[in-house]
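Listing of my_file-v6.cif; format and content: mmCIF, C-alpha atoms.
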```cif
data_final
loop_
_atom_site.group_PDB
_atom_site.id
_atom_site.type_symbol
_atom_site.label_atom_id
_atom_site.label_comp_id
_atom_site.auth_asym_id
_atom_site.auth_seq_id
_atom_site.Cartn_x
_atom_site.Cartn_y
_atom_site.Cartn_z
ATOM 1 C CA MET A 3 218.633 115.815 80.460
ATOM 2 C CA ASN A 4 217.515 113.059 82.771
ATOM 3 C CA ILE A 5 213.739 112.622 82.938
ATOM 4 C CA LYS A 6 213.928 110.918 86.343
ATOM 5 C CA ARG A 7 215.777 113.914 87.818
ATOM 6 C CA ILE A 8 213.248 116.322 86.350
ATOM 7 C CA PHE A 9 210.342 114.399 87.869
ATOM 8 C CA THR A 10 212.176 114.225 91.196
ATOM 9 C CA THR A 11 212.726 117.989 91.082
ATOM 10 C CA ILE A 12 209.067 118.581 90.226
ATOM 11 C CA ALA A 13 207.874 116.243 92.993
ATOM 12 C CA LEU A 14 210.076 117.977 95.548
ATOM 13 C CA SER A 15 208.899 121.400 94.407
ATOM 14 C CA ILE A 16 205.235 120.339 94.608
ATOM 15 C CA LEU A 17 205.806 119.282 98.213
ATOM 16 C CA ILE A 18 207.439 122.621 99.007
ATOM 17 C CA MET A 19 204.674 124.537 97.203
ATOM 18 C CA SER A 20 202.055 122.635 99.210
ATOM 19 C CA LEU A 21 203.865 123.543 102.395
ATOM 20 C CA VAL A 22 204.002 127.220 101.389
ATOM 21 C CA LEU A 23 200.311 127.159 100.451
ATOM 22 C CA PHE A 24 199.520 125.662 103.853
ATOM 23 C CA LEU A 25 201.713 127.980 105.928
ATOM 24 C CA ARG A 26 201.097 131.233 104.077
ATOM 25 C CA TYR A 27 197.694 130.926 102.421
ATOM 26 C CA ASP A 28 195.912 128.202 104.465
ATOM 27 C CA PHE A 29 195.375 126.142 101.283
ATOM 28 C CA GLU A 30 193.234 128.844 99.685
ATOM 29 C CA MET A 31 193.442 127.873 96.031
ATOM 30 C CA SER A 32 192.981 131.154 94.218
ATOM 31 C CA LEU A 33 194.844 132.099 91.052
ATOM 32 C CA VAL A 34 196.676 134.892 92.835
ATOM 33 C CA ASN A 35 197.982 132.547 95.524
ATOM 34 C CA LEU A 36 198.981 129.895 93.003
ATOM 35 C CA SER A 37 200.726 132.495 90.878
ATOM 36 C CA ASN A 38 202.641 133.742 93.910
ATOM 37 C CA VAL A 39 203.692 130.244 94.941
ATOM 38 C CA PHE A 40 204.770 129.314 91.405
ATOM 39 C CA PHE A 41 206.807 132.518 91.148
ATOM 40 C CA LEU A 42 208.451 131.885 94.510
ATOM 41 C CA MET A 43 209.423 128.333 93.549
ATOM 42 C CA GLY A 44 210.500 129.481 90.098
ATOM 43 C CA THR A 45 212.938 132.018 91.487
ATOM 44 C CA VAL A 46 214.158 129.613 94.176
ATOM 45 C CA TYR A 47 214.970 127.065 91.449
ATOM 46 C CA PHE A 48 215.947 129.320 88.550
ATOM 47 C CA PHE A 49 218.782 131.328 90.082
ATOM 48 C CA PRO A 50 220.670 128.441 91.731
ATOM 49 C CA GLY A 51 220.267 126.513 88.460
ATOM 50 C CA LEU A 52 221.713 129.470 86.591
ATOM 51 C CA ILE A 53 224.670 129.618 88.987
ATOM 52 C CA ILE A 54 225.328 125.894 88.556
ATOM 53 C CA VAL A 55 225.046 125.919 84.756
ATOM 54 C CA SER A 56 227.189 129.026 84.290
ATOM 55 C CA GLY A 57 229.915 127.683 86.562
ATOM 56 C CA ALA A 58 229.705 130.716 88.814
ATOM 57 C CA ALA A 59 229.655 128.516 91.909
ATOM 58 C CA GLY A 60 233.380 129.161 92.133
ATOM 59 C CA ILE A 61 232.486 132.602 93.447
ATOM 60 C CA PHE A 62 231.558 131.001 96.748
ATOM 61 C CA SER A 63 234.747 128.962 97.049
ATOM 62 C CA SER A 64 236.462 131.713 99.023
ATOM 63 C CA ILE A 65 233.752 131.459 101.686
ATOM 64 C CA GLY A 66 234.371 127.727 101.979
ATOM 65 C CA TYR A 67 238.108 128.243 102.194
ATOM 66 C CA LEU A 68 237.833 130.913 104.883
ATOM 67 C CA SER A 69 235.386 128.908 106.967
ATOM 68 C CA ARG A 70 237.625 125.862 106.700
ATOM 69 C CA ARG A 71 240.634 127.903 107.782
ATOM 70 C CA MET A 72 238.812 129.550 110.682
ATOM 71 C CA PHE A 73 236.717 126.737 112.111
ATOM 72 C CA SER A 74 238.686 123.545 111.553
ATOM 73 C CA LYS A 75 241.799 122.297 113.207
ATOM 74 C CA ASN A 76 244.588 120.561 111.346
ATOM 75 C CA LYS A 77 243.532 116.984 111.952
ATOM 76 C CA GLY A 78 246.073 115.524 109.579
ATOM 77 C CA ASP A 79 243.409 114.356 107.127
ATOM 78 C CA GLY A 80 244.970 116.200 104.199
ATOM 79 C CA ASN A 81 242.184 118.777 104.014
ATOM 80 C CA HIS A 82 244.179 121.582 105.630
ATOM 81 C CA PHE A 83 245.229 123.866 102.798
ATOM 82 C CA LYS A 84 248.018 126.379 103.047
ATOM 83 C CA THR A 85 246.894 128.555 100.136
ATOM 84 C CA PHE A 86 243.647 129.368 98.418
ATOM 85 C CA ASN A 87 244.940 127.925 95.143
ATOM 86 C CA ASP A 88 245.489 124.548 96.819
ATOM 87 C CA TYR A 89 241.897 124.627 98.035
ATOM 88 C CA LYS A 90 240.557 125.583 94.582
ATOM 89 C CA GLU A 91 242.490 122.749 92.958
ATOM 90 C CA TYR A 92 241.168 120.272 95.538
ATOM 91 C CA LYS A 93 237.567 121.449 95.031
ATOM 92 C CA HIS A 94 237.932 121.261 91.246
ATOM 93 C CA ILE A 95 239.091 117.647 91.496
ATOM 94 C CA GLU A 96 236.295 116.787 93.942
ATOM 95 C CA ASN A 97 233.591 118.465 91.845
ATOM 96 C CA SER A 98 234.749 116.848 88.606
ATOM 97 C CA LYS A 99 233.438 113.535 89.968
ATOM 98 C CA TYR A 100 229.839 114.780 89.787
ATOM 99 C CA ASN A 101 227.684 115.858 86.855
ATOM 100 C CA THR A 102 226.598 119.190 88.258
ATOM 101 C CA LYS A 103 225.835 120.672 84.834
ATOM 102 C CA GLY A 104 223.075 118.120 84.232
ATOM 103 C CA ILE A 105 221.526 118.805 87.616
ATOM 104 C CA GLY A 106 221.795 122.548 87.006
ATOM 105 C CA VAL A 107 220.050 122.288 83.636
ATOM 106 C CA ASN A 108 217.179 120.364 85.213
ATOM 107 C CA ILE A 109 216.774 122.894 88.023
ATOM 108 C CA LEU A 110 217.062 125.802 85.584
ATOM 109 C CA LEU A 111 214.464 124.294 83.271
ATOM 110 C CA VAL A 112 211.948 123.607 86.046
ATOM 111 C CA GLY A 113 212.471 127.090 87.499
ATOM 112 C CA GLY A 114 211.949 128.700 84.095
ATOM 113 C CA VAL A 115 208.743 126.740 83.533
ATOM 114 C CA TYR A 116 207.442 127.755 86.974
ATOM 115 C CA ILE A 117 208.177 131.436 86.328
ATOM 116 C CA THR A 118 206.435 131.176 82.957
ATOM 117 C CA ILE A 119 203.392 129.537 84.570
ATOM 118 C CA SER A 120 203.357 132.327 87.161
ATOM 119 C CA VAL A 121 203.510 135.074 84.554
ATOM 120 C CA VAL A 122 200.789 133.486 82.418
ATOM 121 C CA THR A 123 198.599 132.969 85.485
ATOM 122 C CA GLY A 124 199.219 136.564 86.527
ATOM 123 C CA MET A 125 198.136 137.779 83.087
ATOM 124 C CA ILE A 126 194.900 135.803 83.358
ATOM 125 C CA ILE A 127 193.964 137.467 86.643
#
```
Give the structure from the file, written as structure tokens.
Amino acid sequence: MNIKRIFTTIALSILIMSLVLFLRYDFEMSLVNLSNVFFLMGTVYFFPGLIIVSGAAGIFSSIGYLSRRMFSKNKGDGNHFKTFNDYKEYKHIENSKYNTKGIGVNILLVGGVYITISVVTGMII
């Protein structure tokens, strides 16, 4: 768990929550509005974090393969794949360069905390 990534995630989410408070609630700081915004951000962060941590992102690899097959021409760059298995192997090699599990844990943790804050705030109301 990287503390810098967690603070970056929190800072980004505070900016997004401020934007939602401005656009939806005109910066009316009531507990109901704050609870709603925390729940929204919690679900927006929690479920993608869960997908990243569980490794279920491979579910969406078929969409990437089909869009690559339909919308790109064979430019000779080596990214034109004849079979889906070739594409999956390429994506596995590309994704192994990055620490997506660590990022997913941070996003999952922040999302879980936001949902908890929302539930506790909702119980206070």
Could you put an axis-aligned box around every listed atom of range 86-90 of chain A, padded by 3 Å on each side, and send me its centre and edge lengths in Å to one decimal, as AutoDock Vina command-line options?
```
--center_x 243.0 --center_y 127.0 --center_z 96.5 --size_x 10.9 --size_y 10.8 --size_z 9.8
```
Option closest in space to Phe62 in chain A, from A:Thr11, A:Leu33, A:Lys90, A:Met43 [counting only C-alpha atoms]: A:Lys90
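Residue selection for this entry, given the PyMOL selection byres ((chain A and resi 99-112) around 9), comprises A:Met3, A:Asn4, A:Ile5, A:Arg7, A:Ile8, A:Thr11, A:Ile12, A:Gly44, A:Tyr47, A:Phe48, A:Phe49, A:Pro50, A:Gly51, A:Leu52, A:Ile53, A:Ile54, A:Val55, A:Ser56, A:Gly57, A:Ile95, A:Glu96, A:Asn97, A:Ser98, A:Gly113, A:Gly114, A:Val115, A:Tyr116, A:Ile117.
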CA of Ser69 in chain A to CA of Lys93 in chain A, distance in Å rounded to a single decimal: 14.2 Å
Can you list, as a compact mmCIF listing (two decimals) with C-alpha atoms, keeping the file's coordinate frame, the residues that the PyMOL selection byres ((chain A and resi 19) around 12) selects here?
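Below is the file expr-v2.txt, written as the result:
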```
# COMPACT_ATOMS: atom_id res chain seq x y z
CA ILE A 12 209.07 118.58 90.23
CA ALA A 13 207.87 116.24 92.99
CA LEU A 14 210.08 117.98 95.55
CA SER A 15 208.90 121.40 94.41
CA ILE A 16 205.24 120.34 94.61
CA LEU A 17 205.81 119.28 98.21
CA ILE A 18 207.44 122.62 99.01
CA SER A 20 202.06 122.64 99.21
CA LEU A 21 203.86 123.54 102.40
CA VAL A 22 204.00 127.22 101.39
CA LEU A 23 200.31 127.16 100.45
CA PHE A 24 199.52 125.66 103.85
CA LEU A 25 201.71 127.98 105.93
CA ARG A 26 201.10 131.23 104.08
CA TYR A 27 197.69 130.93 102.42
CA ASP A 28 195.91 128.20 104.46
CA PHE A 29 195.38 126.14 101.28
CA MET A 31 193.44 127.87 96.03
CA ASN A 35 197.98 132.55 95.52
CA LEU A 36 198.98 129.90 93.00
CA SER A 37 200.73 132.50 90.88
CA ASN A 38 202.64 133.74 93.91
CA VAL A 39 203.69 130.24 94.94
CA PHE A 40 204.77 129.31 91.40
CA PHE A 41 206.81 132.52 91.15
CA LEU A 42 208.45 131.88 94.51
CA MET A 43 209.42 128.33 93.55
CA GLY A 44 210.50 129.48 90.10
CA VAL A 46 214.16 129.61 94.18
CA TYR A 116 207.44 127.76 86.97
```
d(CA of Met72 in chain A, CA of Asp88 in chain A) in Å: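 According to the coordinates, CA of Met72 in chain A and CA of Asp88 in chain A are separated by 16.2 Å.
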Proximity to Thr118 in chain A - best of A:Ser64, A:Thr45, A:Arg70, A:Ser32, only C-alpha atoms: A:Thr45
Residues in the PyMOL selection byres ((chain A and resi 86) around 10), expressed as JSON, numbers by chain: {"A": [63, 64, 67, 68, 71, 83, 84, 85, 87, 88, 89, 90, 91, 92]}
For CA of Val122 in chain A and CA of Lys6 in chain A, the interatomic separation in Å (one decimal):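 Going from CA of Val122 in chain A over to CA of Lys6 in chain A covers 26.4 Å.
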